[in-house]
Amino acid sequence: MTASTSAPAPERAPVRKRKFLCVVDASDECAAAVHFAARRAANTGGHVALLFVVEPEEYQHWSAVKDIMLEESREEAQDVLTKFADKVQQVTGGPAELIIREGKIREQINALVSEDREIGVLVLGAATGKDGPGPLVSALAGRDQAGRFPLPVTVVPGNLSDEEIDALA
């Protein structure tokens, strides 16, 4: 057996009140992840933060088109967050923290986790199709990142029903 040469996970201050960070988008599997995060928060006295990352496209011309597309992406983010915030409110009885960031999704997740020491668990929904669990799940919970991310990552299969999640959480 060979020793790993990868760097250890960065040090983090102790978590006071557990916050479940759930990365959301318009995909089907996000509903399962949000329900899991909300149920775990309700059962442990924690709360839920919902993160939507707007990943801007590379534009070289027509800044007016870029601005319109960015505004449409922000509106989509707000719609998705509002829908999932309602779900969190129903399950936990409390509001979700809503976060919209712009940039590359992995960079924004890492930055948020570094900035907010109350985040104790990252919750992701996994796609169940033949293309695999999705790029974010593969990137953060896959072989290359295992042990490097500074907090636990919970991957929730997108095909679980609310009842199945309730039994697990």
# chains A, B, ... in the order shown; residues from 1 in each chain; ligands from 1
>>> select_by_dssp(residues="region 13-153 of chain A", states="alpha helix (DSSP H)", output="PyMOL selection string")
chain A and resi 29-44+63-92+105-115+135-141
>>> write_last_selection(atoms="C-alpha atoms", output="compact mmCIF listing (two decimals), in the first residue's frame")
# COMPACT_ATOMS: atom_id res chain seq x y z
CA GLU A 29 -32.20 15.85 -8.64
CA CYS A 30 -32.04 19.12 -6.73
CA ALA A 31 -35.51 18.55 -5.27
CA ALA A 32 -34.29 15.40 -3.51
CA ALA A 33 -31.17 17.15 -2.21
CA VAL A 34 -33.17 20.09 -0.86
CA HIS A 35 -35.68 17.81 0.85
CA PHE A 36 -32.86 15.81 2.45
CA ALA A 37 -31.08 18.97 3.64
CA ALA A 38 -34.32 20.38 5.05
CA ARG A 39 -35.23 17.15 6.83
CA ARG A 40 -31.73 16.83 8.34
CA ALA A 41 -31.84 20.47 9.45
CA ALA A 42 -35.25 19.96 11.03
CA ASN A 43 -34.08 16.81 12.83
CA THR A 44 -30.82 18.31 14.13
CA SER A 63 -21.97 43.51 -24.13
CA ALA A 64 -25.68 44.40 -24.27
CA VAL A 65 -26.47 40.77 -25.13
CA LYS A 66 -24.21 39.64 -22.29
CA ASP A 67 -26.04 41.90 -19.84
CA ILE A 68 -29.45 40.61 -20.95
CA MET A 69 -28.36 36.98 -20.67
CA LEU A 70 -26.84 37.60 -17.23
CA GLU A 71 -30.05 39.26 -16.03
CA GLU A 72 -32.10 36.32 -17.33
CA SER A 73 -29.79 33.94 -15.46
CA ARG A 74 -30.24 35.94 -12.26
CA GLU A 75 -34.03 35.83 -12.68
CA GLU A 76 -33.89 32.05 -13.19
CA ALA A 77 -31.72 31.76 -10.07
CA GLN A 78 -34.24 33.74 -8.03
CA ASP A 79 -37.14 31.62 -9.32
CA VAL A 80 -35.36 28.36 -8.51
CA LEU A 81 -34.30 29.59 -5.07
CA THR A 82 -37.82 30.78 -4.24
CA LYS A 83 -39.30 27.42 -5.18
CA PHE A 84 -36.83 25.51 -3.04
CA ALA A 85 -37.06 28.03 -0.17
CA ASP A 86 -40.78 27.30 0.02
CA LYS A 87 -39.96 23.58 0.33
CA VAL A 88 -37.46 24.28 3.11
CA GLN A 89 -40.00 26.43 4.95
CA GLN A 90 -42.59 23.63 4.76
CA VAL A 91 -40.20 21.02 6.14
CA THR A 92 -38.28 23.03 8.75
CA ILE A 105 -19.37 26.80 -9.46
CA ARG A 106 -16.55 24.91 -7.77
CA GLU A 107 -14.70 28.14 -7.00
CA GLN A 108 -17.85 29.71 -5.54
CA ILE A 109 -18.59 26.68 -3.36
CA ASN A 110 -15.03 26.65 -2.03
CA ALA A 111 -15.13 30.41 -1.36
CA LEU A 112 -18.47 30.20 0.46
CA VAL A 113 -17.33 27.26 2.60
CA SER A 114 -14.19 29.22 3.52
CA GLU A 115 -16.18 32.37 4.37
CA PRO A 135 -20.24 17.01 -13.09
CA LEU A 136 -20.45 18.67 -9.69
CA VAL A 137 -20.95 15.41 -7.79
CA SER A 138 -18.15 13.82 -9.79
CA ALA A 139 -15.86 16.76 -9.12
CA LEU A 140 -16.47 17.18 -5.38
CA ALA A 141 -17.20 13.64 -4.23
>>> residues_around(residues="region 93-102 of chain A", least_positions_apart="4", cutoff="6 Å", atoms="only C-alpha atoms", output="list of chain:residue names")
A:Val48, A:Ala49, A:Leu50, A:Leu51, A:Phe52, A:Val53, A:Val54, A:Glu55, A:Ala85, A:Gln89
>>> residues_around(residues="Leu124 (chain A)", least_positions_apart="2", cutoff="7 Å", atoms="only C-alpha atoms", output="list of chain:residue names")
A:Cys22, A:Val23, A:Ala33, A:Leu122, A:Ala126, A:Val137, A:Thr154, A:Val155, A:Val156
>>> write_last_selection(atoms="C-alpha atoms", output="PDB file, in the first residue's frame")
ATOM      1  CA  CYS A  22     -27.399  22.729  -0.770  1.00  0.00           C
ATOM      2  CA  VAL A  23     -26.272  23.653  -4.280  1.00  0.00           C
ATOM      3  CA  ALA A  33     -31.172  17.147  -2.207  1.00  0.00           C
ATOM      4  CA  LEU A 122     -22.553  20.130   1.645  1.00  0.00           C
ATOM      5  CA  ALA A 126     -27.028  13.074  -7.975  1.00  0.00           C
ATOM      6  CA  VAL A 137     -20.954  15.415  -7.787  1.00  0.00           C
ATOM      7  CA  THR A 154     -23.778  14.147   1.281  1.00  0.00           C
ATOM      8  CA  VAL A 155     -24.855  12.917  -2.149  1.00  0.00           C
ATOM      9  CA  VAL A 156     -28.580  12.268  -2.448  1.00  0.00           C
TER      10      VAL A 156
END
>>> closest_residue(among="A:Lys104, A:Lys130, A:His47, A:Arg148", to="Arg18 (chain A)", atoms="only C-alpha atoms")
A:His47
